[in-house]
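S.K.: My structure is in work-v3.cif, and what it holds is mmCIF, N, CA and C atoms:
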```
data_work
loop_
_atom_site.label_atom_id
_atom_site.label_comp_id
_atom_site.auth_asym_id
_atom_site.auth_seq_id
_atom_site.Cartn_x
_atom_site.Cartn_y
_atom_site.Cartn_z
N MET A 1 -119.71 -13.30 59.31
CA MET A 1 -120.15 -12.23 60.18
C MET A 1 -119.22 -12.06 61.39
N PHE A 2 -118.69 -13.14 61.94
CA PHE A 2 -117.91 -13.06 63.17
C PHE A 2 -116.42 -13.32 62.93
N GLU A 3 -115.92 -13.05 61.72
CA GLU A 3 -114.53 -13.32 61.40
C GLU A 3 -113.58 -12.63 62.37
N TRP A 4 -113.90 -11.42 62.78
CA TRP A 4 -113.05 -10.67 63.71
C TRP A 4 -112.89 -11.40 65.03
N PHE A 5 -113.90 -12.15 65.43
CA PHE A 5 -113.88 -12.85 66.71
C PHE A 5 -112.93 -14.05 66.66
N LYS A 6 -112.73 -14.60 65.47
CA LYS A 6 -111.94 -15.81 65.31
C LYS A 6 -110.51 -15.52 64.87
N LYS A 7 -110.05 -14.27 64.91
CA LYS A 7 -108.69 -13.93 64.50
C LYS A 7 -107.67 -14.67 65.35
N PRO A 8 -106.56 -15.10 64.74
CA PRO A 8 -105.52 -15.75 65.53
C PRO A 8 -104.93 -14.79 66.56
N HIS A 9 -104.59 -15.30 67.72
CA HIS A 9 -104.06 -14.47 68.79
C HIS A 9 -102.62 -14.04 68.53
N SER A 10 -101.99 -14.53 67.46
CA SER A 10 -100.62 -14.15 67.16
C SER A 10 -100.53 -12.81 66.44
N GLU A 11 -101.66 -12.28 65.99
CA GLU A 11 -101.64 -10.99 65.31
C GLU A 11 -101.31 -9.88 66.30
N PRO A 12 -100.69 -8.79 65.82
CA PRO A 12 -100.39 -7.67 66.73
C PRO A 12 -101.65 -7.16 67.40
N GLN A 13 -101.55 -6.87 68.67
CA GLN A 13 -102.70 -6.41 69.44
C GLN A 13 -102.78 -4.89 69.42
N GLN A 14 -104.01 -4.39 69.37
CA GLN A 14 -104.25 -2.96 69.48
C GLN A 14 -104.06 -2.56 70.94
N PRO A 15 -103.77 -1.28 71.21
CA PRO A 15 -103.72 -0.85 72.62
C PRO A 15 -105.07 -1.09 73.28
N LEU A 16 -105.05 -1.44 74.56
CA LEU A 16 -106.27 -1.71 75.29
C LEU A 16 -107.09 -0.43 75.43
N PRO A 17 -108.34 -0.44 74.94
CA PRO A 17 -109.17 0.77 75.09
C PRO A 17 -109.46 1.01 76.57
N MET A 18 -109.40 2.27 76.98
CA MET A 18 -109.57 2.61 78.40
C MET A 18 -110.71 3.58 78.68
N ARG A 19 -111.28 4.16 77.62
CA ARG A 19 -112.32 5.17 77.85
C ARG A 19 -113.26 5.18 76.65
N VAL A 20 -114.55 5.39 76.93
CA VAL A 20 -115.54 5.54 75.88
C VAL A 20 -116.37 6.78 76.18
N GLN A 21 -116.63 7.57 75.13
CA GLN A 21 -117.46 8.76 75.25
C GLN A 21 -118.55 8.66 74.19
N TRP A 22 -119.71 9.19 74.51
CA TRP A 22 -120.79 9.18 73.54
C TRP A 22 -121.65 10.40 73.74
N ASP A 23 -122.37 10.72 72.67
CA ASP A 23 -123.37 11.79 72.73
C ASP A 23 -124.58 11.32 71.94
N ALA A 24 -125.44 12.21 71.56
CA ALA A 24 -126.69 11.83 70.88
C ALA A 24 -126.45 11.16 69.53
N GLU A 25 -125.30 11.44 68.90
CA GLU A 25 -125.06 10.91 67.56
C GLU A 25 -123.90 9.93 67.47
N LEU A 26 -122.83 10.15 68.24
CA LEU A 26 -121.56 9.48 68.00
C LEU A 26 -121.03 8.79 69.25
N VAL A 27 -120.38 7.62 69.06
CA VAL A 27 -119.66 6.91 70.13
C VAL A 27 -118.20 6.90 69.74
N ARG A 28 -117.32 7.26 70.69
CA ARG A 28 -115.87 7.31 70.44
C ARG A 28 -115.14 6.50 71.51
N VAL A 29 -114.18 5.67 71.06
CA VAL A 29 -113.41 4.81 71.95
C VAL A 29 -111.96 5.30 71.94
N PHE A 30 -111.34 5.34 73.14
CA PHE A 30 -109.99 5.86 73.29
C PHE A 30 -109.07 4.87 73.99
N ALA A 31 -107.81 4.82 73.54
CA ALA A 31 -106.72 4.16 74.25
C ALA A 31 -105.80 5.30 74.66
N GLY A 32 -105.81 5.64 75.93
CA GLY A 32 -105.12 6.86 76.37
C GLY A 32 -105.83 8.05 75.77
N GLU A 33 -105.10 8.92 75.11
CA GLU A 33 -105.70 10.09 74.46
C GLU A 33 -105.96 9.87 72.97
N ILE A 34 -105.63 8.69 72.49
CA ILE A 34 -105.78 8.39 71.06
C ILE A 34 -107.14 7.76 70.80
N GLU A 35 -107.88 8.38 69.89
CA GLU A 35 -109.17 7.80 69.48
C GLU A 35 -108.89 6.62 68.57
N THR A 36 -109.39 5.43 68.96
CA THR A 36 -109.13 4.22 68.19
C THR A 36 -110.31 3.80 67.31
N LYS A 37 -111.51 4.14 67.71
CA LYS A 37 -112.71 3.80 66.93
C LYS A 37 -113.76 4.87 67.16
N ARG A 38 -114.66 4.96 66.21
CA ARG A 38 -115.86 5.79 66.34
C ARG A 38 -116.94 5.24 65.44
N PHE A 39 -118.18 5.40 65.86
CA PHE A 39 -119.31 5.01 65.04
C PHE A 39 -120.51 5.86 65.43
N ARG A 40 -121.44 5.95 64.49
CA ARG A 40 -122.70 6.66 64.76
C ARG A 40 -123.72 5.66 65.26
N TRP A 41 -124.50 6.07 66.26
CA TRP A 41 -125.58 5.21 66.76
C TRP A 41 -126.46 4.74 65.61
N ALA A 42 -126.76 5.65 64.68
CA ALA A 42 -127.67 5.35 63.57
C ALA A 42 -127.11 4.27 62.64
N ASP A 43 -125.80 4.04 62.68
CA ASP A 43 -125.16 3.07 61.78
C ASP A 43 -125.00 1.68 62.39
N LEU A 44 -125.45 1.49 63.64
CA LEU A 44 -125.30 0.18 64.29
C LEU A 44 -126.02 -0.91 63.50
N THR A 45 -125.33 -2.06 63.35
CA THR A 45 -125.93 -3.22 62.69
C THR A 45 -126.02 -4.42 63.63
N GLY A 46 -125.19 -4.45 64.67
CA GLY A 46 -125.23 -5.56 65.62
C GLY A 46 -124.41 -5.26 66.85
N ILE A 47 -124.80 -5.88 67.97
CA ILE A 47 -124.07 -5.74 69.23
C ILE A 47 -123.92 -7.14 69.81
N TYR A 48 -122.69 -7.49 70.18
CA TYR A 48 -122.34 -8.82 70.67
C TYR A 48 -121.52 -8.68 71.93
N ALA A 49 -121.49 -9.73 72.74
CA ALA A 49 -120.67 -9.72 73.94
C ALA A 49 -119.96 -11.05 74.07
N PHE A 50 -118.81 -11.02 74.74
CA PHE A 50 -118.05 -12.23 75.02
C PHE A 50 -117.19 -11.96 76.24
N LYS A 51 -116.61 -13.02 76.75
CA LYS A 51 -115.79 -12.90 77.95
C LYS A 51 -114.38 -13.37 77.65
N GLN A 52 -113.41 -12.63 78.21
CA GLN A 52 -112.00 -12.95 78.06
C GLN A 52 -111.46 -13.46 79.39
N ASP A 53 -110.83 -14.63 79.37
CA ASP A 53 -110.20 -15.19 80.57
C ASP A 53 -108.86 -14.48 80.76
N CYS A 54 -108.69 -13.77 81.85
CA CYS A 54 -107.47 -13.01 82.13
C CYS A 54 -106.67 -13.64 83.28
N CYS A 55 -106.62 -14.96 83.34
CA CYS A 55 -105.84 -15.68 84.35
C CYS A 55 -106.18 -15.22 85.77
N GLY A 56 -107.31 -15.56 86.25
CA GLY A 56 -107.72 -15.21 87.61
C GLY A 56 -108.96 -14.35 87.66
N PHE A 57 -109.27 -13.68 86.57
CA PHE A 57 -110.51 -12.90 86.49
C PHE A 57 -110.97 -12.90 85.04
N ASP A 58 -112.21 -12.60 84.84
CA ASP A 58 -112.79 -12.49 83.51
C ASP A 58 -113.05 -11.03 83.18
N ARG A 59 -112.92 -10.70 81.90
CA ARG A 59 -113.26 -9.35 81.43
C ARG A 59 -114.36 -9.50 80.38
N ILE A 60 -115.47 -8.80 80.59
CA ILE A 60 -116.58 -8.83 79.64
C ILE A 60 -116.37 -7.72 78.62
N TRP A 61 -116.46 -8.10 77.34
CA TRP A 61 -116.32 -7.18 76.22
C TRP A 61 -117.66 -7.08 75.49
N VAL A 62 -117.94 -5.90 74.97
CA VAL A 62 -119.10 -5.69 74.12
C VAL A 62 -118.58 -5.15 72.79
N ALA A 63 -119.03 -5.76 71.70
CA ALA A 63 -118.60 -5.40 70.35
C ALA A 63 -119.76 -4.75 69.62
N PHE A 64 -119.50 -3.57 69.08
CA PHE A 64 -120.50 -2.83 68.32
C PHE A 64 -120.11 -2.88 66.85
N GLU A 65 -120.95 -3.50 66.02
CA GLU A 65 -120.74 -3.50 64.58
C GLU A 65 -121.58 -2.38 63.99
N ALA A 66 -120.97 -1.66 63.05
CA ALA A 66 -121.67 -0.54 62.43
C ALA A 66 -121.24 -0.42 60.98
N THR A 67 -122.12 0.10 60.17
CA THR A 67 -121.81 0.38 58.78
C THR A 67 -120.57 1.28 58.74
N GLY A 68 -119.62 0.92 57.89
CA GLY A 68 -118.41 1.73 57.75
C GLY A 68 -117.24 1.24 58.58
N LEU A 69 -117.46 0.36 59.54
CA LEU A 69 -116.36 -0.20 60.33
C LEU A 69 -115.89 -1.49 59.68
N THR A 70 -114.56 -1.67 59.55
CA THR A 70 -114.05 -2.93 59.03
C THR A 70 -113.98 -3.98 60.13
N GLU A 71 -113.86 -3.56 61.36
CA GLU A 71 -113.91 -4.44 62.53
C GLU A 71 -114.78 -3.75 63.56
N PRO A 72 -115.40 -4.50 64.45
CA PRO A 72 -116.27 -3.86 65.44
C PRO A 72 -115.49 -2.98 66.42
N SER A 73 -116.21 -2.08 67.02
CA SER A 73 -115.67 -1.25 68.08
C SER A 73 -115.86 -2.00 69.40
N LEU A 74 -114.76 -2.29 70.10
CA LEU A 74 -114.81 -3.10 71.31
C LEU A 74 -114.68 -2.23 72.55
N VAL A 75 -115.52 -2.50 73.53
CA VAL A 75 -115.43 -1.84 74.83
C VAL A 75 -115.48 -2.93 75.90
N HIS A 76 -114.86 -2.66 77.05
CA HIS A 76 -114.88 -3.65 78.14
C HIS A 76 -115.33 -3.00 79.43
N GLU A 77 -115.70 -3.84 80.37
CA GLU A 77 -116.36 -3.39 81.58
C GLU A 77 -115.49 -2.54 82.50
N ALA A 78 -114.18 -2.55 82.35
CA ALA A 78 -113.31 -1.73 83.21
C ALA A 78 -113.06 -0.33 82.63
N MET A 79 -113.61 -0.04 81.48
CA MET A 79 -113.39 1.26 80.84
C MET A 79 -114.19 2.37 81.51
N ASP A 80 -113.60 3.56 81.54
CA ASP A 80 -114.35 4.74 81.96
C ASP A 80 -115.48 4.96 80.96
N GLY A 81 -116.69 5.14 81.44
CA GLY A 81 -117.84 5.40 80.59
C GLY A 81 -118.60 4.15 80.16
N TYR A 82 -118.09 2.96 80.49
CA TYR A 82 -118.73 1.71 80.06
C TYR A 82 -120.16 1.59 80.57
N ALA A 83 -120.37 1.76 81.86
CA ALA A 83 -121.71 1.56 82.43
C ALA A 83 -122.73 2.51 81.80
N ALA A 84 -122.36 3.76 81.61
CA ALA A 84 -123.27 4.72 80.98
C ALA A 84 -123.54 4.35 79.53
N LEU A 85 -122.52 3.88 78.82
CA LEU A 85 -122.70 3.46 77.43
C LEU A 85 -123.67 2.27 77.34
N ILE A 86 -123.51 1.30 78.22
CA ILE A 86 -124.39 0.13 78.21
C ILE A 86 -125.83 0.54 78.54
N ALA A 87 -126.01 1.44 79.48
CA ALA A 87 -127.36 1.93 79.80
C ALA A 87 -127.97 2.61 78.58
N GLU A 88 -127.16 3.41 77.87
CA GLU A 88 -127.65 4.09 76.67
C GLU A 88 -127.96 3.09 75.56
N MET A 89 -127.11 2.07 75.41
CA MET A 89 -127.35 1.02 74.42
C MET A 89 -128.70 0.36 74.67
N GLN A 90 -128.96 0.04 75.93
CA GLN A 90 -130.21 -0.64 76.27
C GLN A 90 -131.41 0.28 76.06
N ARG A 91 -131.22 1.58 76.23
CA ARG A 91 -132.30 2.53 75.99
C ARG A 91 -132.58 2.67 74.49
N ARG A 92 -131.53 2.72 73.69
CA ARG A 92 -131.67 2.97 72.26
C ARG A 92 -132.06 1.74 71.43
N CYS A 93 -131.57 0.59 71.80
CA CYS A 93 -131.68 -0.61 70.96
C CYS A 93 -132.89 -1.45 71.36
N THR A 94 -134.01 -1.11 70.80
CA THR A 94 -135.25 -1.82 71.08
C THR A 94 -135.10 -3.28 70.72
N GLY A 95 -135.49 -4.14 71.66
CA GLY A 95 -135.42 -5.57 71.41
C GLY A 95 -134.10 -6.21 71.78
N PHE A 96 -133.23 -5.49 72.53
CA PHE A 96 -131.97 -6.10 72.95
C PHE A 96 -132.27 -7.28 73.89
N ARG A 97 -131.34 -8.20 73.97
CA ARG A 97 -131.51 -9.38 74.82
C ARG A 97 -131.39 -8.98 76.28
N PRO A 98 -132.45 -9.07 77.07
CA PRO A 98 -132.41 -8.56 78.45
C PRO A 98 -131.50 -9.35 79.39
N ASP A 99 -131.27 -10.62 79.10
CA ASP A 99 -130.42 -11.44 79.98
C ASP A 99 -128.98 -11.56 79.46
N TRP A 100 -128.56 -10.65 78.60
CA TRP A 100 -127.27 -10.79 77.94
C TRP A 100 -126.11 -10.87 78.93
N TRP A 101 -126.13 -10.05 79.98
CA TRP A 101 -125.01 -10.04 80.91
C TRP A 101 -124.84 -11.39 81.60
N THR A 102 -125.93 -11.97 82.06
CA THR A 102 -125.88 -13.28 82.71
C THR A 102 -125.41 -14.35 81.72
N ALA A 103 -125.89 -14.27 80.48
CA ALA A 103 -125.49 -15.25 79.46
C ALA A 103 -123.99 -15.20 79.19
N VAL A 104 -123.40 -14.01 79.29
CA VAL A 104 -121.96 -13.87 79.07
C VAL A 104 -121.17 -14.20 80.34
N ALA A 105 -121.65 -13.77 81.48
CA ALA A 105 -120.90 -13.91 82.73
C ALA A 105 -120.82 -15.35 83.23
N LEU A 106 -121.85 -16.15 82.97
CA LEU A 106 -121.90 -17.50 83.53
C LEU A 106 -121.93 -18.55 82.43
N PRO A 107 -121.18 -19.61 82.52
CA PRO A 107 -120.25 -19.93 83.60
C PRO A 107 -118.95 -19.14 83.47
N ALA A 108 -118.23 -19.06 84.55
CA ALA A 108 -116.95 -18.34 84.60
C ALA A 108 -115.93 -19.00 83.67
N PHE A 109 -115.01 -18.18 83.18
CA PHE A 109 -113.84 -18.60 82.39
C PHE A 109 -114.19 -19.28 81.07
N ALA A 110 -115.38 -19.02 80.55
CA ALA A 110 -115.77 -19.47 79.21
C ALA A 110 -116.07 -18.23 78.38
N GLU A 111 -115.82 -18.28 77.06
CA GLU A 111 -116.03 -17.09 76.22
C GLU A 111 -117.48 -16.67 76.16
N ASN A 112 -118.40 -17.59 76.08
CA ASN A 112 -119.84 -17.31 76.10
C ASN A 112 -120.26 -16.22 75.11
N PHE A 113 -119.81 -16.33 73.87
CA PHE A 113 -120.18 -15.35 72.84
C PHE A 113 -121.70 -15.26 72.75
N THR A 114 -122.23 -14.05 72.83
CA THR A 114 -123.68 -13.83 72.90
C THR A 114 -124.10 -12.69 71.98
N ILE A 115 -125.15 -12.90 71.22
CA ILE A 115 -125.72 -11.82 70.42
C ILE A 115 -126.65 -11.03 71.33
N ILE A 116 -126.37 -9.74 71.48
CA ILE A 116 -127.20 -8.87 72.32
C ILE A 116 -128.33 -8.25 71.50
N TRP A 117 -127.98 -7.79 70.30
CA TRP A 117 -128.95 -7.06 69.48
C TRP A 117 -128.50 -7.08 68.03
N GLN A 118 -129.45 -7.16 67.13
CA GLN A 118 -129.16 -7.01 65.70
C GLN A 118 -130.19 -6.06 65.11
N ALA A 119 -129.72 -5.23 64.20
CA ALA A 119 -130.62 -4.27 63.55
C ALA A 119 -131.69 -5.04 62.78
N PRO A 120 -132.91 -4.53 62.81
CA PRO A 120 -133.96 -5.19 62.02
C PRO A 120 -133.63 -5.10 60.54
N PRO A 121 -134.05 -6.09 59.77
CA PRO A 121 -133.77 -6.04 58.33
C PRO A 121 -134.44 -4.83 57.69
N THR A 122 -133.78 -4.28 56.71
CA THR A 122 -134.39 -3.16 55.97
C THR A 122 -135.35 -3.72 54.94
N SER A 123 -136.14 -2.86 54.35
CA SER A 123 -137.11 -3.32 53.36
C SER A 123 -136.40 -3.97 52.17
N VAL A 124 -135.15 -3.58 51.89
CA VAL A 124 -134.40 -4.17 50.79
C VAL A 124 -134.04 -5.61 51.13
N ASP A 125 -133.76 -5.89 52.42
CA ASP A 125 -133.35 -7.23 52.84
C ASP A 125 -134.54 -8.17 53.03
N ARG A 126 -135.71 -7.65 53.23
CA ARG A 126 -136.88 -8.49 53.53
C ARG A 126 -137.38 -9.19 52.27
N PRO A 127 -137.71 -10.47 52.42
CA PRO A 127 -138.34 -11.14 51.28
C PRO A 127 -139.70 -10.50 51.00
N THR A 128 -140.06 -10.40 49.75
CA THR A 128 -141.33 -9.76 49.39
C THR A 128 -142.48 -10.74 49.38
N GLY A 129 -142.18 -12.02 49.31
CA GLY A 129 -143.25 -13.02 49.24
C GLY A 129 -143.70 -13.27 47.81
N HIS A 130 -143.15 -12.51 46.86
CA HIS A 130 -143.51 -12.70 45.45
C HIS A 130 -142.54 -13.68 44.83
N SER A 131 -143.04 -14.52 43.98
CA SER A 131 -142.15 -15.43 43.27
C SER A 131 -142.04 -14.96 41.82
N ALA A 132 -140.89 -15.20 41.26
CA ALA A 132 -140.66 -14.75 39.87
C ALA A 132 -141.14 -15.77 38.89
#
```
Produce structure tokens that represent the structure in this file.
M.R.:
Amino acid sequence: MFEWFKKPHSEPQQPLPMRVQWDAELVRVFAGEIETKRFRWADLTGIYAFKQDCCGFDRIWVAFEATGLTEPSLVHEAMDGYAALIAEMQRRCTGFRPDWWTAVALPAFAENFTIIWQAPPTSVDRPTGHSA
């Protein structure tokens, strides 16, 4: 599930995302004017957060996993639109972890990988209680 989080740091890095836009259906992430990721709110399967040590300060990242994405869509706290996106995430995602920010922020300079929210299992995924 978290293979993307454990990727070696020697792999080529994507441009740092700088802006996120969203509407009632779609979330879009941009590096400059280039759209790097997009997902539909309805397709969300999980939301995770972690912290990156940037030599003197920490950057909090939020990862959105969604059906159809090969890797999660990453946003960070310095991005334009981040605060509004997080407020919308908390409004839409019933049952999100309310203390997620504190769990990620403290202690300083540690990754503190945290599950914020996971989609409830669908009826196909739920055990039926019947034995064969």
S.K.: Please, which residues of chain A, numbered as in this document, come out strand (DSSP E) from DSSP, as a compact mmCIF listing (two decimals) with N, CA and C atoms, keeping the file's coordinate frame?
M.R.:
```
# COMPACT_ATOMS: atom_id res chain seq x y z
N ARG A 19 -111.28 4.16 77.62
CA ARG A 19 -112.32 5.17 77.85
C ARG A 19 -113.26 5.18 76.65
N VAL A 20 -114.55 5.39 76.93
CA VAL A 20 -115.54 5.54 75.88
C VAL A 20 -116.37 6.78 76.18
N GLN A 21 -116.63 7.57 75.13
CA GLN A 21 -117.46 8.76 75.25
C GLN A 21 -118.55 8.66 74.19
N TRP A 22 -119.71 9.19 74.51
CA TRP A 22 -120.79 9.18 73.54
C TRP A 22 -121.65 10.40 73.74
N LEU A 26 -122.83 10.15 68.24
CA LEU A 26 -121.56 9.48 68.00
C LEU A 26 -121.03 8.79 69.25
N VAL A 27 -120.38 7.62 69.06
CA VAL A 27 -119.66 6.91 70.13
C VAL A 27 -118.20 6.90 69.74
N ARG A 28 -117.32 7.26 70.69
CA ARG A 28 -115.87 7.31 70.44
C ARG A 28 -115.14 6.50 71.51
N VAL A 29 -114.18 5.67 71.06
CA VAL A 29 -113.41 4.81 71.95
C VAL A 29 -111.96 5.30 71.94
N PHE A 30 -111.34 5.34 73.14
CA PHE A 30 -109.99 5.86 73.29
C PHE A 30 -109.07 4.87 73.99
N ALA A 31 -107.81 4.82 73.54
CA ALA A 31 -106.72 4.16 74.25
C ALA A 31 -105.80 5.30 74.66
N ILE A 34 -105.63 8.69 72.49
CA ILE A 34 -105.78 8.39 71.06
C ILE A 34 -107.14 7.76 70.80
N GLU A 35 -107.88 8.38 69.89
CA GLU A 35 -109.17 7.80 69.48
C GLU A 35 -108.89 6.62 68.57
N THR A 36 -109.39 5.43 68.96
CA THR A 36 -109.13 4.22 68.19
C THR A 36 -110.31 3.80 67.31
N LYS A 37 -111.51 4.14 67.71
CA LYS A 37 -112.71 3.80 66.93
C LYS A 37 -113.76 4.87 67.16
N ARG A 38 -114.66 4.96 66.21
CA ARG A 38 -115.86 5.79 66.34
C ARG A 38 -116.94 5.24 65.44
N PHE A 39 -118.18 5.40 65.86
CA PHE A 39 -119.31 5.01 65.04
C PHE A 39 -120.51 5.86 65.43
N ARG A 40 -121.44 5.95 64.49
CA ARG A 40 -122.70 6.66 64.76
C ARG A 40 -123.72 5.66 65.26
N LEU A 44 -125.45 1.49 63.64
CA LEU A 44 -125.30 0.18 64.29
C LEU A 44 -126.02 -0.91 63.50
N THR A 45 -125.33 -2.06 63.35
CA THR A 45 -125.93 -3.22 62.69
C THR A 45 -126.02 -4.42 63.63
N GLY A 46 -125.19 -4.45 64.67
CA GLY A 46 -125.23 -5.56 65.62
C GLY A 46 -124.41 -5.26 66.85
N ILE A 47 -124.80 -5.88 67.97
CA ILE A 47 -124.07 -5.74 69.23
C ILE A 47 -123.92 -7.14 69.81
N TYR A 48 -122.69 -7.49 70.18
CA TYR A 48 -122.34 -8.82 70.67
C TYR A 48 -121.52 -8.68 71.93
N ALA A 49 -121.49 -9.73 72.74
CA ALA A 49 -120.67 -9.72 73.94
C ALA A 49 -119.96 -11.05 74.07
N PHE A 50 -118.81 -11.02 74.74
CA PHE A 50 -118.05 -12.23 75.02
C PHE A 50 -117.19 -11.96 76.24
N LYS A 51 -116.61 -13.02 76.75
CA LYS A 51 -115.79 -12.90 77.95
C LYS A 51 -114.38 -13.37 77.65
N GLN A 52 -113.41 -12.63 78.21
CA GLN A 52 -112.00 -12.95 78.06
C GLN A 52 -111.46 -13.46 79.39
N ASP A 53 -110.83 -14.63 79.37
CA ASP A 53 -110.20 -15.19 80.57
C ASP A 53 -108.86 -14.48 80.76
N ASP A 58 -112.21 -12.60 84.84
CA ASP A 58 -112.79 -12.49 83.51
C ASP A 58 -113.05 -11.03 83.18
N ARG A 59 -112.92 -10.70 81.90
CA ARG A 59 -113.26 -9.35 81.43
C ARG A 59 -114.36 -9.50 80.38
N ILE A 60 -115.47 -8.80 80.59
CA ILE A 60 -116.58 -8.83 79.64
C ILE A 60 -116.37 -7.72 78.62
N TRP A 61 -116.46 -8.10 77.34
CA TRP A 61 -116.32 -7.18 76.22
C TRP A 61 -117.66 -7.08 75.49
N VAL A 62 -117.94 -5.90 74.97
CA VAL A 62 -119.10 -5.69 74.12
C VAL A 62 -118.58 -5.15 72.79
N ALA A 63 -119.03 -5.76 71.70
CA ALA A 63 -118.60 -5.40 70.35
C ALA A 63 -119.76 -4.75 69.62
N PHE A 64 -119.50 -3.57 69.08
CA PHE A 64 -120.50 -2.83 68.32
C PHE A 64 -120.11 -2.88 66.85
N GLU A 65 -120.95 -3.50 66.02
CA GLU A 65 -120.74 -3.50 64.58
C GLU A 65 -121.58 -2.38 63.99
N ALA A 66 -120.97 -1.66 63.05
CA ALA A 66 -121.67 -0.54 62.43
C ALA A 66 -121.24 -0.42 60.98
N SER A 73 -116.21 -2.08 67.02
CA SER A 73 -115.67 -1.25 68.08
C SER A 73 -115.86 -2.00 69.40
N LEU A 74 -114.76 -2.29 70.10
CA LEU A 74 -114.81 -3.10 71.31
C LEU A 74 -114.68 -2.23 72.55
N VAL A 75 -115.52 -2.50 73.53
CA VAL A 75 -115.43 -1.84 74.83
C VAL A 75 -115.48 -2.93 75.90
N HIS A 76 -114.86 -2.66 77.05
CA HIS A 76 -114.88 -3.65 78.14
C HIS A 76 -115.33 -3.00 79.43
N THR A 114 -122.23 -14.05 72.83
CA THR A 114 -123.68 -13.83 72.90
C THR A 114 -124.10 -12.69 71.98
N ILE A 115 -125.15 -12.90 71.22
CA ILE A 115 -125.72 -11.82 70.42
C ILE A 115 -126.65 -11.03 71.33
N ILE A 116 -126.37 -9.74 71.48
CA ILE A 116 -127.20 -8.87 72.32
C ILE A 116 -128.33 -8.25 71.50
N TRP A 117 -127.98 -7.79 70.30
CA TRP A 117 -128.95 -7.06 69.48
C TRP A 117 -128.50 -7.08 68.03
N GLN A 118 -129.45 -7.16 67.13
CA GLN A 118 -129.16 -7.01 65.70
C GLN A 118 -130.19 -6.06 65.11
```
S.K.: I need the residue nearest Glu25 in chain A from this list: A:Arg92, A:His76, A:Trp41, A:Gly46. Use only N, CA and C atoms for the distance.
M.R.: A:Trp41
S.K.: Do you know which residues are at most 10 Å from Gln21 in chain A counting only C-alpha atoms, after dropping those on the same chain fewer than 6 positions away, and could you put them as a ChimeraX atom specification?
M.R.: /A:27-30,38,80-82,84-85
S.K.: Of the candidates A:Glu88, A:Pro17, A:Arg59, A:Glu111, which one gets nearest to Leu74 in chain A if we count all atoms listed in the file?
M.R.: A:Pro17
S.K.: Please enumerate the residues selected by the PyMOL selection byres ((chain A and resi 95) around 7) when evaluated against the supplied file, formatted as JSON, numbers by chain.
M.R.: {"A": [92, 93, 94, 96, 97, 98, 116, 117, 118]}
S.K.: Measure the distance from CA of Pro120 in chain A to CA of Thr45 in chain A in Å and round it to one decimal.
M.R.: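 Calculated distance between CA of Pro120 in chain A and CA of Thr45 in chain A is 8.3 Å.
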S.K.: Using all atoms listed in the file, tabulate the residues of range 20-87 of chain A lying at most 8 Å from any atom of range 101-106 of chain A, each with its closest atom pair and that distance in Å to one decimal, by chain and increasing residue number, as JSON lines.
M.R.:
```
{"residue": "A:Ala49", "atom": "C", "partner": "A:Val104", "partner_atom": "CA", "distance": 6.1}
{"residue": "A:Phe50", "atom": "CA", "partner": "A:Val104", "partner_atom": "CA", "distance": 5.9}
{"residue": "A:Lys51", "atom": "N", "partner": "A:Val104", "partner_atom": "CA", "distance": 5.9}
{"residue": "A:Ile60", "atom": "CA", "partner": "A:Val104", "partner_atom": "C", "distance": 7.1}
```
S.K.: How many Å separate CA of Trp61 in chain A from atom C of Pro15 in chain A?
M.R.: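 Between CA of Trp61 in chain A and atom C of Pro15 in chain A the gap works out to 13.1 Å.
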S.K.: As a ChimeraX atom specification, please: every residue in range 21-111 of chain A that a backbone DSSP assignment puts in alpha helix (DSSP H).
M.R.: /A:82-92,100-105
S.K.: I'd like the interatomic distance between atom N of Val75 in chain A and atom N of Ala63 in chain A, to a tenth of an Å.
M.R.: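 Straight-line distance from atom N of Val75 in chain A to atom N of Ala63 in chain A works out to 5.1 Å.
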S.K.: On this file, the PyMOL selection byres ((chain A and resi 73) around 6.5) gives some set of residues; write that set as a PDB file with N, CA and C atoms, in the coordinates of the input.
M.R.:
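What landed in selection.pdb:
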```pdb
ATOM      1  N   LYS A  37    -111.510   4.140  67.710  1.00  0.00           N
ATOM      2  CA  LYS A  37    -112.710   3.800  66.930  1.00  0.00           C
ATOM      3  C   LYS A  37    -113.760   4.870  67.160  1.00  0.00           C
ATOM      4  N   VAL A  62    -117.940  -5.900  74.970  1.00  0.00           N
ATOM      5  CA  VAL A  62    -119.100  -5.690  74.120  1.00  0.00           C
ATOM      6  C   VAL A  62    -118.580  -5.150  72.790  1.00  0.00           C
ATOM      7  N   ALA A  63    -119.030  -5.760  71.700  1.00  0.00           N
ATOM      8  CA  ALA A  63    -118.600  -5.400  70.350  1.00  0.00           C
ATOM      9  C   ALA A  63    -119.760  -4.750  69.620  1.00  0.00           C
ATOM     10  N   PHE A  64    -119.500  -3.570  69.080  1.00  0.00           N
ATOM     11  CA  PHE A  64    -120.500  -2.830  68.320  1.00  0.00           C
ATOM     12  C   PHE A  64    -120.110  -2.880  66.850  1.00  0.00           C
ATOM     13  N   GLU A  65    -120.950  -3.500  66.020  1.00  0.00           N
ATOM     14  CA  GLU A  65    -120.740  -3.500  64.580  1.00  0.00           C
ATOM     15  C   GLU A  65    -121.580  -2.380  63.990  1.00  0.00           C
ATOM     16  N   ALA A  66    -120.970  -1.660  63.050  1.00  0.00           N
ATOM     17  CA  ALA A  66    -121.670  -0.540  62.430  1.00  0.00           C
ATOM     18  C   ALA A  66    -121.240  -0.420  60.980  1.00  0.00           C
ATOM     19  N   GLU A  71    -113.860  -3.560  61.360  1.00  0.00           N
ATOM     20  CA  GLU A  71    -113.910  -4.440  62.530  1.00  0.00           C
ATOM     21  C   GLU A  71    -114.780  -3.750  63.560  1.00  0.00           C
ATOM     22  N   PRO A  72    -115.400  -4.500  64.450  1.00  0.00           N
ATOM     23  CA  PRO A  72    -116.270  -3.860  65.440  1.00  0.00           C
ATOM     24  C   PRO A  72    -115.490  -2.980  66.420  1.00  0.00           C
ATOM     25  N   LEU A  74    -114.760  -2.290  70.100  1.00  0.00           N
ATOM     26  CA  LEU A  74    -114.810  -3.100  71.310  1.00  0.00           C
ATOM     27  C   LEU A  74    -114.680  -2.230  72.550  1.00  0.00           C
ATOM     28  N   VAL A  75    -115.520  -2.500  73.530  1.00  0.00           N
ATOM     29  CA  VAL A  75    -115.430  -1.840  74.830  1.00  0.00           C
ATOM     30  C   VAL A  75    -115.480  -2.930  75.900  1.00  0.00           C
TER      31      VAL A  75
END
```
